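What's in protein_7.cif: mmCIF, C-alpha atoms; chains and numbers go by the auth columns
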```
data_run
loop_
_atom_site.group_PDB
_atom_site.id
_atom_site.type_symbol
_atom_site.label_atom_id
_atom_site.label_comp_id
_atom_site.label_asym_id
_atom_site.label_seq_id
_atom_site.Cartn_x
_atom_site.Cartn_y
_atom_site.Cartn_z
_atom_site.B_iso_or_equiv
_atom_site.auth_seq_id
_atom_site.auth_asym_id
ATOM 1 C CA MET A 1 78.434 118.954 71.337 0.00 1 I
ATOM 2 C CA ASN A 2 76.160 121.059 73.542 0.00 2 I
ATOM 3 C CA ILE A 3 77.721 120.893 76.996 0.00 3 I
ATOM 4 C CA GLN A 4 74.896 122.625 78.805 0.00 4 I
ATOM 5 C CA GLU A 5 72.210 120.542 77.104 0.00 5 I
ATOM 6 C CA GLY A 6 73.979 117.224 77.672 0.00 6 I
ATOM 7 C CA ALA A 7 77.424 115.819 76.883 0.00 7 I
ATOM 8 C CA TYR A 8 80.081 113.316 77.958 0.00 8 I
ATOM 9 C CA ILE A 9 83.515 114.557 78.980 0.00 9 I
ATOM 10 C CA TYR A 10 86.334 112.057 79.409 0.00 10 I
ATOM 11 C CA ILE A 11 88.981 113.056 81.959 0.00 11 I
ATOM 12 C CA ASN A 12 92.221 111.363 83.039 0.00 12 I
ATOM 13 C CA LYS A 13 91.830 111.923 86.792 0.00 13 I
ATOM 14 C CA PRO A 14 95.006 113.246 88.417 0.00 14 I
ATOM 15 C CA TYR A 15 96.832 111.449 91.227 0.00 15 I
ATOM 16 C CA ARG A 16 95.890 112.477 94.790 0.00 16 I
ATOM 17 C CA MET A 17 92.624 114.100 93.745 0.00 17 I
ATOM 18 C CA SER A 18 89.176 112.761 94.594 0.00 18 I
ATOM 19 C CA SER A 19 86.700 112.077 91.809 0.00 19 I
ATOM 20 C CA PHE A 20 84.453 114.798 93.216 0.00 20 I
ATOM 21 C CA GLY A 21 87.410 117.201 93.291 0.00 21 I
ATOM 22 C CA ALA A 22 88.109 116.490 89.616 0.00 22 I
ATOM 23 C CA LEU A 23 84.442 117.008 88.774 0.00 23 I
ATOM 24 C CA ALA A 24 84.318 120.276 90.736 0.00 24 I
ATOM 25 C CA HIS A 25 87.376 121.626 88.898 0.00 25 I
ATOM 26 C CA ILE A 26 85.973 120.788 85.451 0.00 26 I
ATOM 27 C CA ARG A 27 82.512 122.089 86.360 0.00 27 I
ATOM 28 C CA TYR A 28 84.031 125.392 87.498 0.00 28 I
ATOM 29 C CA LEU A 29 85.918 125.811 84.207 0.00 29 I
ATOM 30 C CA VAL A 30 82.869 124.889 82.114 0.00 30 I
ATOM 31 C CA SER A 31 80.481 127.121 84.076 0.00 31 I
ATOM 32 C CA ARG A 32 82.852 130.071 83.806 0.00 32 I
ATOM 33 C CA LYS A 33 83.336 129.516 80.081 0.00 33 I
ATOM 34 C CA LEU A 34 79.589 129.310 79.438 0.00 34 I
ATOM 35 C CA HIS A 35 78.881 132.291 81.743 0.00 35 I
ATOM 36 C CA VAL A 36 76.430 130.345 83.868 0.00 36 I
ATOM 37 C CA LYS A 37 76.305 129.927 87.633 0.00 37 I
ATOM 38 C CA ARG A 38 76.575 126.138 87.722 0.00 38 I
ATOM 39 C CA VAL A 39 76.446 123.541 84.942 0.00 39 I
ATOM 40 C CA LYS A 40 74.669 120.328 85.918 0.00 40 I
ATOM 41 C CA MET A 41 77.362 117.622 86.068 0.00 41 I
ATOM 42 C CA GLY A 42 78.002 114.210 87.620 0.00 42 I
ATOM 43 C CA HIS A 43 80.559 111.427 87.275 0.00 43 I
ATOM 44 C CA ALA A 44 79.998 107.783 86.346 0.00 44 I
ATOM 45 C CA GLY A 45 82.048 105.848 88.901 0.00 45 I
ATOM 46 C CA THR A 46 84.335 106.914 91.720 0.00 46 I
ATOM 47 C CA LEU A 47 88.111 106.521 91.513 0.00 47 I
ATOM 48 C CA ASP A 48 90.254 106.446 94.663 0.00 48 I
ATOM 49 C CA PRO A 49 92.306 109.630 95.245 0.00 49 I
ATOM 50 C CA LEU A 50 95.548 107.646 94.761 0.00 50 I
ATOM 51 C CA ALA A 51 94.289 106.211 91.450 0.00 51 I
ATOM 52 C CA THR A 52 94.476 107.835 88.025 0.00 52 I
ATOM 53 C CA GLY A 53 92.671 107.192 84.774 0.00 53 I
ATOM 54 C CA VAL A 54 89.290 107.231 83.052 0.00 54 I
ATOM 55 C CA LEU A 55 86.646 109.376 84.732 0.00 55 I
ATOM 56 C CA ILE A 56 83.483 109.928 82.690 0.00 56 I
ATOM 57 C CA LEU A 57 81.751 113.225 83.437 0.00 57 I
ATOM 58 C CA CYS A 58 78.155 113.704 82.310 0.00 58 I
ATOM 59 C CA THR A 59 76.489 117.093 81.855 0.00 59 I
ATOM 60 C CA GLY A 60 72.879 118.202 81.523 0.00 60 I
ATOM 61 C CA LYS A 61 70.497 115.486 80.349 0.00 61 I
ATOM 62 C CA ALA A 62 73.415 113.046 79.979 0.00 62 I
ATOM 63 C CA THR A 63 73.490 112.730 83.781 0.00 63 I
ATOM 64 C CA LYS A 64 70.476 110.424 83.390 0.00 64 I
ATOM 65 C CA GLN A 65 72.877 107.862 81.883 0.00 65 I
ATOM 66 C CA ILE A 66 75.204 107.737 84.914 0.00 66 I
ATOM 67 C CA GLU A 67 73.663 104.613 86.409 0.00 67 I
ATOM 68 C CA ALA A 68 73.872 102.749 83.087 0.00 68 I
ATOM 69 C CA LEU A 69 77.490 103.838 82.558 0.00 69 I
ATOM 70 C CA GLN A 70 78.447 102.513 85.994 0.00 70 I
ATOM 71 C CA LEU A 71 77.429 99.021 84.846 0.00 71 I
ATOM 72 C CA HIS A 72 80.003 99.015 82.045 0.00 72 I
ATOM 73 C CA THR A 73 83.020 96.734 82.232 0.00 73 I
ATOM 74 C CA LYS A 74 86.171 98.409 83.546 0.00 74 I
ATOM 75 C CA GLU A 75 89.854 97.725 83.004 0.00 75 I
ATOM 76 C CA TYR A 76 92.665 98.600 85.418 0.00 76 I
ATOM 77 C CA THR A 77 96.424 98.302 85.614 0.00 77 I
ATOM 78 C CA ALA A 78 97.846 97.966 89.112 0.00 78 I
ATOM 79 C CA THR A 79 101.185 97.481 90.866 0.00 79 I
ATOM 80 C CA LEU A 80 101.288 95.510 94.106 0.00 80 I
ATOM 81 C CA GLN A 81 103.981 95.544 96.773 0.00 81 I
ATOM 82 C CA LEU A 82 104.244 92.050 98.224 0.00 82 I
ATOM 83 C CA GLY A 83 105.272 91.226 101.781 0.00 83 I
ATOM 84 C CA ALA A 84 103.430 93.999 103.598 0.00 84 I
ATOM 85 C CA THR A 85 99.980 95.438 104.253 0.00 85 I
ATOM 86 C CA THR A 86 98.490 98.823 105.110 0.00 86 I
ATOM 87 C CA ALA A 87 95.142 99.701 106.717 0.00 87 I
ATOM 88 C CA SER A 88 93.795 101.127 103.450 0.00 88 I
ATOM 89 C CA PHE A 89 95.418 98.467 101.194 0.00 89 I
ATOM 90 C CA ASP A 90 97.268 101.265 99.356 0.00 90 I
ATOM 91 C CA ARG A 91 99.836 103.994 100.074 0.00 91 I
ATOM 92 C CA GLU A 92 97.386 106.288 101.861 0.00 92 I
ATOM 93 C CA HIS A 93 98.494 104.619 105.108 0.00 93 I
ATOM 94 C CA THR A 94 101.873 103.366 106.263 0.00 94 I
ATOM 95 C CA VAL A 95 102.824 99.685 106.512 0.00 95 I
ATOM 96 C CA ASP A 96 101.215 98.007 109.524 0.00 96 I
ATOM 97 C CA CYS A 97 102.434 94.400 109.067 0.00 97 I
ATOM 98 C CA THR A 98 105.163 92.599 107.147 0.00 98 I
ATOM 99 C CA TYR A 99 105.154 89.025 105.858 0.00 99 I
ATOM 100 C CA PRO A 100 107.572 86.489 104.345 0.00 100 I
ATOM 101 C CA THR A 101 108.118 86.599 100.590 0.00 101 I
ATOM 102 C CA ARG A 102 111.023 84.213 99.967 0.00 102 I
ATOM 103 C CA HIS A 103 108.624 81.526 98.736 0.00 103 I
ATOM 104 C CA ILE A 104 106.938 83.758 96.135 0.00 104 I
ATOM 105 C CA THR A 105 107.874 83.063 92.518 0.00 105 I
ATOM 106 C CA ARG A 106 106.404 84.046 89.165 0.00 106 I
ATOM 107 C CA GLU A 107 105.115 80.486 88.835 0.00 107 I
ATOM 108 C CA LEU A 108 103.288 80.695 92.183 0.00 108 I
ATOM 109 C CA ILE A 109 101.696 84.005 91.205 0.00 109 I
ATOM 110 C CA GLU A 110 100.535 82.676 87.835 0.00 110 I
ATOM 111 C CA GLN A 111 99.083 79.581 89.535 0.00 111 I
ATOM 112 C CA THR A 112 97.276 81.755 92.119 0.00 112 I
ATOM 113 C CA LEU A 113 95.678 84.498 90.006 0.00 113 I
ATOM 114 C CA PRO A 114 93.109 82.300 88.176 0.00 114 I
ATOM 115 C CA GLN A 115 91.244 81.652 91.454 0.00 115 I
ATOM 116 C CA PHE A 116 90.089 85.285 91.368 0.00 116 I
ATOM 117 C CA VAL A 117 88.540 85.058 87.888 0.00 117 I
ATOM 118 C CA GLY A 118 84.784 84.667 87.651 0.00 118 I
ATOM 119 C CA ASP A 119 81.995 85.421 90.126 0.00 119 I
ATOM 120 C CA VAL A 120 83.612 85.869 93.532 0.00 120 I
ATOM 121 C CA MET A 121 82.775 87.364 96.922 0.00 121 I
ATOM 122 C CA GLN A 122 84.855 90.352 97.994 0.00 122 I
ATOM 123 C CA VAL A 123 84.962 92.355 101.225 0.00 123 I
ATOM 124 C CA PRO A 124 85.297 96.096 100.433 0.00 124 I
ATOM 125 C CA PRO A 125 88.096 98.092 102.088 0.00 125 I
ATOM 126 C CA VAL A 126 87.299 99.724 105.433 0.00 126 I
ATOM 127 C CA TYR A 127 88.580 102.973 103.909 0.00 127 I
ATOM 128 C CA SER A 128 85.942 103.087 101.176 0.00 128 I
ATOM 129 C CA ALA A 129 82.809 105.047 100.318 0.00 129 I
ATOM 130 C CA CYS A 130 80.519 102.169 101.319 0.00 130 I
ATOM 131 C CA MET A 131 77.529 103.305 103.363 0.00 131 I
ATOM 132 C CA ILE A 132 76.944 102.016 106.904 0.00 132 I
ATOM 133 C CA ALA A 133 73.784 103.270 108.613 0.00 133 I
ATOM 134 C CA GLY A 134 73.888 106.498 106.626 0.00 134 I
ATOM 135 C CA ASP A 135 77.597 107.172 107.104 0.00 135 I
ATOM 136 C CA ARG A 136 80.610 106.539 104.862 0.00 136 I
ATOM 137 C CA ALA A 137 82.883 103.706 105.985 0.00 137 I
ATOM 138 C CA TYR A 138 86.050 105.759 105.489 0.00 138 I
ATOM 139 C CA LYS A 139 84.710 108.579 107.656 0.00 139 I
ATOM 140 C CA MET A 140 83.959 106.130 110.449 0.00 140 I
ATOM 141 C CA ALA A 141 87.392 104.538 110.116 0.00 141 I
ATOM 142 C CA ARG A 142 89.130 107.912 110.262 0.00 142 I
ATOM 143 C CA ARG A 143 87.232 108.686 113.465 0.00 143 I
ATOM 144 C CA GLY A 144 88.638 105.496 114.949 0.00 144 I
ATOM 145 C CA GLU A 145 85.291 103.694 114.938 0.00 145 I
ATOM 146 C CA GLU A 146 85.097 99.972 114.303 0.00 146 I
ATOM 147 C CA VAL A 147 83.943 99.205 110.766 0.00 147 I
ATOM 148 C CA SER A 148 82.635 95.841 109.614 0.00 148 I
ATOM 149 C CA LEU A 149 81.726 95.333 105.969 0.00 149 I
ATOM 150 C CA ALA A 150 80.063 92.264 104.495 0.00 150 I
ATOM 151 C CA ALA A 151 81.396 90.468 101.428 0.00 151 I
ATOM 152 C CA LYS A 152 79.677 91.430 98.174 0.00 152 I
ATOM 153 C CA PRO A 153 79.403 89.514 94.882 0.00 153 I
ATOM 154 C CA ILE A 154 81.609 90.872 92.099 0.00 154 I
ATOM 155 C CA ARG A 155 82.764 89.647 88.721 0.00 155 I
ATOM 156 C CA ILE A 156 86.325 89.571 87.432 0.00 156 I
ATOM 157 C CA ASP A 157 86.623 88.639 83.752 0.00 157 I
ATOM 158 C CA GLU A 158 90.407 88.704 83.358 0.00 158 I
ATOM 159 C CA ILE A 159 93.561 88.980 85.454 0.00 159 I
ATOM 160 C CA GLU A 160 96.899 89.064 83.665 0.00 160 I
ATOM 161 C CA LEU A 161 100.327 89.222 85.304 0.00 161 I
ATOM 162 C CA THR A 162 102.218 91.820 83.269 0.00 162 I
ATOM 163 C CA ASP A 163 105.410 92.077 85.343 0.00 163 I
ATOM 164 C CA PHE A 164 107.124 90.576 88.382 0.00 164 I
ATOM 165 C CA ASP A 165 110.293 91.875 90.049 0.00 165 I
ATOM 166 C CA PRO A 166 111.592 89.227 92.484 0.00 166 I
ATOM 167 C CA GLU A 167 114.149 91.598 93.995 0.00 167 I
ATOM 168 C CA LEU A 168 111.679 94.379 94.832 0.00 168 I
ATOM 169 C CA MET A 169 108.871 91.845 95.353 0.00 169 I
ATOM 170 C CA GLN A 170 106.545 93.887 93.187 0.00 170 I
ATOM 171 C CA MET A 171 104.039 92.568 90.671 0.00 171 I
ATOM 172 C CA SER A 172 101.938 94.332 88.059 0.00 172 I
ATOM 173 C CA ILE A 173 98.575 93.129 86.805 0.00 173 I
ATOM 174 C CA ARG A 174 95.866 94.023 84.304 0.00 174 I
ATOM 175 C CA VAL A 175 92.321 93.447 85.532 0.00 175 I
ATOM 176 C CA VAL A 176 89.024 93.462 83.610 0.00 176 I
ATOM 177 C CA CYS A 177 86.078 93.520 85.990 0.00 177 I
ATOM 178 C CA GLY A 178 82.495 94.567 86.670 0.00 178 I
ATOM 179 C CA LYS A 179 80.821 97.145 88.878 0.00 179 I
ATOM 180 C CA GLY A 180 81.717 97.270 92.565 0.00 180 I
ATOM 181 C CA THR A 181 85.144 95.644 92.299 0.00 181 I
ATOM 182 C CA TYR A 182 87.776 97.140 94.601 0.00 182 I
ATOM 183 C CA ILE A 183 91.275 96.596 93.234 0.00 183 I
ATOM 184 C CA ARG A 184 92.646 97.451 96.692 0.00 184 I
ATOM 185 C CA SER A 185 90.689 94.526 98.137 0.00 185 I
ATOM 186 C CA LEU A 186 91.905 92.342 95.276 0.00 186 I
ATOM 187 C CA ALA A 187 95.494 93.267 96.210 0.00 187 I
ATOM 188 C CA ARG A 188 94.810 92.289 99.828 0.00 188 I
ATOM 189 C CA ASP A 189 93.283 88.962 98.766 0.00 189 I
ATOM 190 C CA ILE A 190 96.101 88.152 96.330 0.00 190 I
ATOM 191 C CA GLY A 191 98.621 88.753 99.111 0.00 191 I
ATOM 192 C CA LYS A 192 96.750 86.348 101.394 0.00 192 I
ATOM 193 C CA ALA A 193 96.449 83.730 98.657 0.00 193 I
ATOM 194 C CA LEU A 194 100.211 83.916 98.136 0.00 194 I
ATOM 195 C CA GLY A 195 100.780 83.231 101.847 0.00 195 I
ATOM 196 C CA SER A 196 102.014 86.774 102.381 0.00 196 I
ATOM 197 C CA GLY A 197 100.600 90.302 102.272 0.00 197 I
ATOM 198 C CA ALA A 198 100.183 92.949 99.577 0.00 198 I
ATOM 199 C CA PHE A 199 99.059 96.512 99.014 0.00 199 I
ATOM 200 C CA LEU A 200 98.673 98.772 95.979 0.00 200 I
ATOM 201 C CA THR A 201 101.455 101.164 95.043 0.00 201 I
ATOM 202 C CA ALA A 202 99.857 102.295 91.754 0.00 202 I
ATOM 203 C CA LEU A 203 96.423 102.042 90.152 0.00 203 I
ATOM 204 C CA CYS A 204 95.109 103.318 86.841 0.00 204 I
ATOM 205 C CA ARG A 205 91.661 102.806 85.306 0.00 205 I
ATOM 206 C CA THR A 206 92.472 102.337 81.650 0.00 206 I
ATOM 207 C CA ARG A 207 88.978 101.694 80.280 0.00 207 I
ATOM 208 C CA VAL A 208 85.283 102.119 81.091 0.00 208 I
ATOM 209 C CA GLY A 209 83.131 100.383 78.474 0.00 209 I
ATOM 210 C CA ASP A 210 84.477 101.601 75.129 0.00 210 I
ATOM 211 C CA VAL A 211 86.140 104.710 76.610 0.00 211 I
ATOM 212 C CA ARG A 212 89.895 104.234 76.881 0.00 212 I
ATOM 213 C CA ILE A 213 92.490 106.338 78.652 0.00 213 I
ATOM 214 C CA GLU A 214 93.760 107.443 75.240 0.00 214 I
ATOM 215 C CA ASP A 215 90.379 109.142 74.733 0.00 215 I
ATOM 216 C CA CYS A 216 90.699 111.173 77.933 0.00 216 I
ATOM 217 C CA LEU A 217 91.821 114.755 78.482 0.00 217 I
ATOM 218 C CA THR A 218 94.294 115.800 81.148 0.00 218 I
ATOM 219 C CA PHE A 219 93.659 118.899 83.240 0.00 219 I
ATOM 220 C CA ASP A 220 96.311 120.706 81.194 0.00 220 I
ATOM 221 C CA GLU A 221 94.622 119.802 77.903 0.00 221 I
ATOM 222 C CA PHE A 222 91.074 120.550 79.006 0.00 222 I
ATOM 223 C CA PRO A 223 91.004 124.396 78.684 0.00 223 I
ATOM 224 C CA GLN A 224 92.043 124.313 75.019 0.00 224 I
ATOM 225 C CA TRP A 225 89.562 121.518 74.300 0.00 225 I
ATOM 226 C CA LEU A 226 86.840 123.552 76.002 0.00 226 I
ATOM 227 C CA ASP A 227 87.687 126.623 73.906 0.00 227 I
ATOM 228 C CA ARG A 228 87.279 124.605 70.705 0.00 228 I
ATOM 229 C CA GLU A 229 84.012 122.985 71.775 0.00 229 I
ATOM 230 C CA VAL A 230 82.386 126.228 72.872 0.00 230 I
ATOM 231 C CA LYS A 231 83.363 127.952 69.606 0.00 231 I
ATOM 232 C CA ASN A 232 81.813 125.095 67.648 0.00 232 I
ATOM 233 C CA GLU A 233 78.500 125.158 69.545 0.00 233 I
#
```
Translate the structure of the given file into structure tokens.
Amino acid sequence: MNIQEGAYIYINKPYRMSSFGALAHIRYLVSRKLHVKRVKMGHAGTLDPLATGVLILCTGKATKQIEALQLHTKEYTATLQLGATTASFDREHTVDCTYPTRHITRELIEQTLPQFVGDVMQVPPVYSACMIAGDRAYKMARRGEEVSLAAKPIRIDEIELTDFDPELMQMSIRVVCGKGTYIRSLARDIGKALGSGAFLTALCRTRVGDVRIEDCLTFDEFPQWLDREVKNE
């Protein structure tokens, strides 16, 4: 592997860190190790700050593959809190509305999820990186400006209910989907379809194409990995 020439680095993005923040940290460590001012580096697909999981970093000439990598199928695991919503559809914001949940059963959830499989239209979250007239939607929302986003076509290949706790009213799902899918928006839409509300309490990207979370390095593991790679160059 020649990192400066072009390589792929698989990182398990930490919780509460932006994708750009993760990239900046790794780029700093790599640049310092290689004794260069700044290694060329980009990432292949943004993860929300409150999400963890697979983040593919590309260096050097490999950055030319970023657009192609973003088209790869992705897999996520997510936990939804039923009976409430937040402005961001996750825990970044506090609960703004509550809804009934007494009618929700495992059977109802399993009957409801298949309607989200296939080619569907999805409205992105207001707190997202979508561009509106040259500005990011989340920046506009944080300034208190009104944000209106149009529904976009997405594809969801699989949704599997992996757990349901009727006492806590929490459900966990595994989702296999294509580019542009917002799992936060999916949580919102599942809540509506169940005649209630929902928001994400946990999200992990477990796969991008053939790259699985088991293939990824944590921040703690990265320095030792980098030492080995540089010695072998």
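Non-sequential neighbours of I:Glu92 (distance at most 10 Å, separation of 6 or more positions within a chain, all atoms listed in the file) are I:Arg16, I:Pro49, I:Leu50, I:Thr86, I:Tyr127, I:Leu200, I:Thr201.
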Quiz item: Hey, what's within 10 Å of I:Pro153 if we count only C-alpha atoms and toss same-chain stuff fewer than 5 positions away? As a PyMOL selection string, please?
Solution: chain I and resi 119-123+179-181
Quiz item: Separation of atom CA of I:Lys139 and atom CA of I:Ala87, in Å?
Solution: 13.7 Å
Exercise. Quick one: pull the distance between atom CA of I:Asp165 and atom CA of I:Tyr76, Å, one decimal.
Key: 19.4 Å
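Residues surrounding stretch 140-149 of chain I within 12 Å are Ala87, Ser88, Glu92, His93, Gln122, Val123, Pro124, Pro125, Val126, Tyr127, Ser128, Ala129, Cys130, Met131, Ile132, Ala133, Gly134 and Ser185 of chain I [only C-alpha atoms; sequence separation below 6 positions excluded].
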Based on the selection just made, write C-alpha atoms of those residues as a compact mmCIF listing (two decimals), in the coordinates of the input.
```
# COMPACT_ATOMS: atom_id res chain seq x y z
CA ALA I 87 95.14 99.70 106.72
CA SER I 88 93.80 101.13 103.45
CA GLU I 92 97.39 106.29 101.86
CA HIS I 93 98.49 104.62 105.11
CA GLN I 122 84.86 90.35 97.99
CA VAL I 123 84.96 92.36 101.22
CA PRO I 124 85.30 96.10 100.43
CA PRO I 125 88.10 98.09 102.09
CA VAL I 126 87.30 99.72 105.43
CA TYR I 127 88.58 102.97 103.91
CA SER I 128 85.94 103.09 101.18
CA ALA I 129 82.81 105.05 100.32
CA CYS I 130 80.52 102.17 101.32
CA MET I 131 77.53 103.30 103.36
CA ILE I 132 76.94 102.02 106.90
CA ALA I 133 73.78 103.27 108.61
CA GLY I 134 73.89 106.50 106.63
CA SER I 185 90.69 94.53 98.14
```
Excluding I:Asp220 and residues on its chain fewer than 5 positions from it, collect all residues at most 12 Å away from it, counting only C-alpha atoms, and give them as a PDB file with C-alpha atoms, in the coordinates of the input.
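Okay, this is what ended up in part11.pdb:
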```pdb
ATOM      1  CA  ILE I  11      88.981 113.056  81.959  1.00  0.00           C
ATOM      2  CA  ASN I  12      92.221 111.363  83.039  1.00  0.00           C
ATOM      3  CA  LYS I  13      91.830 111.923  86.792  1.00  0.00           C
ATOM      4  CA  PRO I  14      95.006 113.246  88.417  1.00  0.00           C
ATOM      5  CA  HIS I  25      87.376 121.626  88.898  1.00  0.00           C
ATOM      6  CA  ILE I  26      85.973 120.788  85.451  1.00  0.00           C
ATOM      7  CA  LEU I  29      85.918 125.811  84.207  1.00  0.00           C
ATOM      8  CA  TRP I 225      89.562 121.518  74.300  1.00  0.00           C
ATOM      9  CA  LEU I 226      86.840 123.552  76.002  1.00  0.00           C
TER      10      LEU I 226
END
```
Quiz prompt | Given the PyMOL selection byres ((chain I and resi 209) around 12), the residues it picks as number ranges by chain | solution = I: 44-45, 54-56, 68-76, 176-179, 205-208, 210-213, 215
Stretch 133-184 of chain I residues near stretch 81-84 of chain I within 7 Å, closest pair each, using all atoms listed in the file, as CSV:
```
residue,atom,partner,partner_atom,distance
I:Met169,CA,I:Leu82,CA,5.4
I:Gln170,CA,I:Gln81,CA,4.7
I:Met171,CA,I:Gln81,CA,6.8
```
Exercise. For each of I:Gly197, I:Pro100, I:Gly42, I:Gly6, take the minimum atom-to-atom distance to I:Gly60, counting only C-alpha atoms, then give the residue where this is smallest.
Key: I:Gly6
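Going from atom CA of I:Gln224 to atom CA of I:Ala22 covers 17.0 Å.
Applied to the file shown here, the PyMOL selection byres ((chain I and resi 34) around 12) selects Asn2, Ile3, Gln4, Glu5, Arg27, Tyr28, Leu29, Val30, Ser31, Arg32, Lys33, His35, Val36, Lys37, Arg38, Val39, Leu226, Asp227, Glu229, Val230, Lys231 and Glu233 of chain I.
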Self-check item: Residue nearest I:Arg106 - candidates I:Thr52, I:Asn232, I:Thr162, I:Thr77, atoms counted: all atoms listed in the file
Solution: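 Selected residue with least distance to I:Arg106: I:Thr162.
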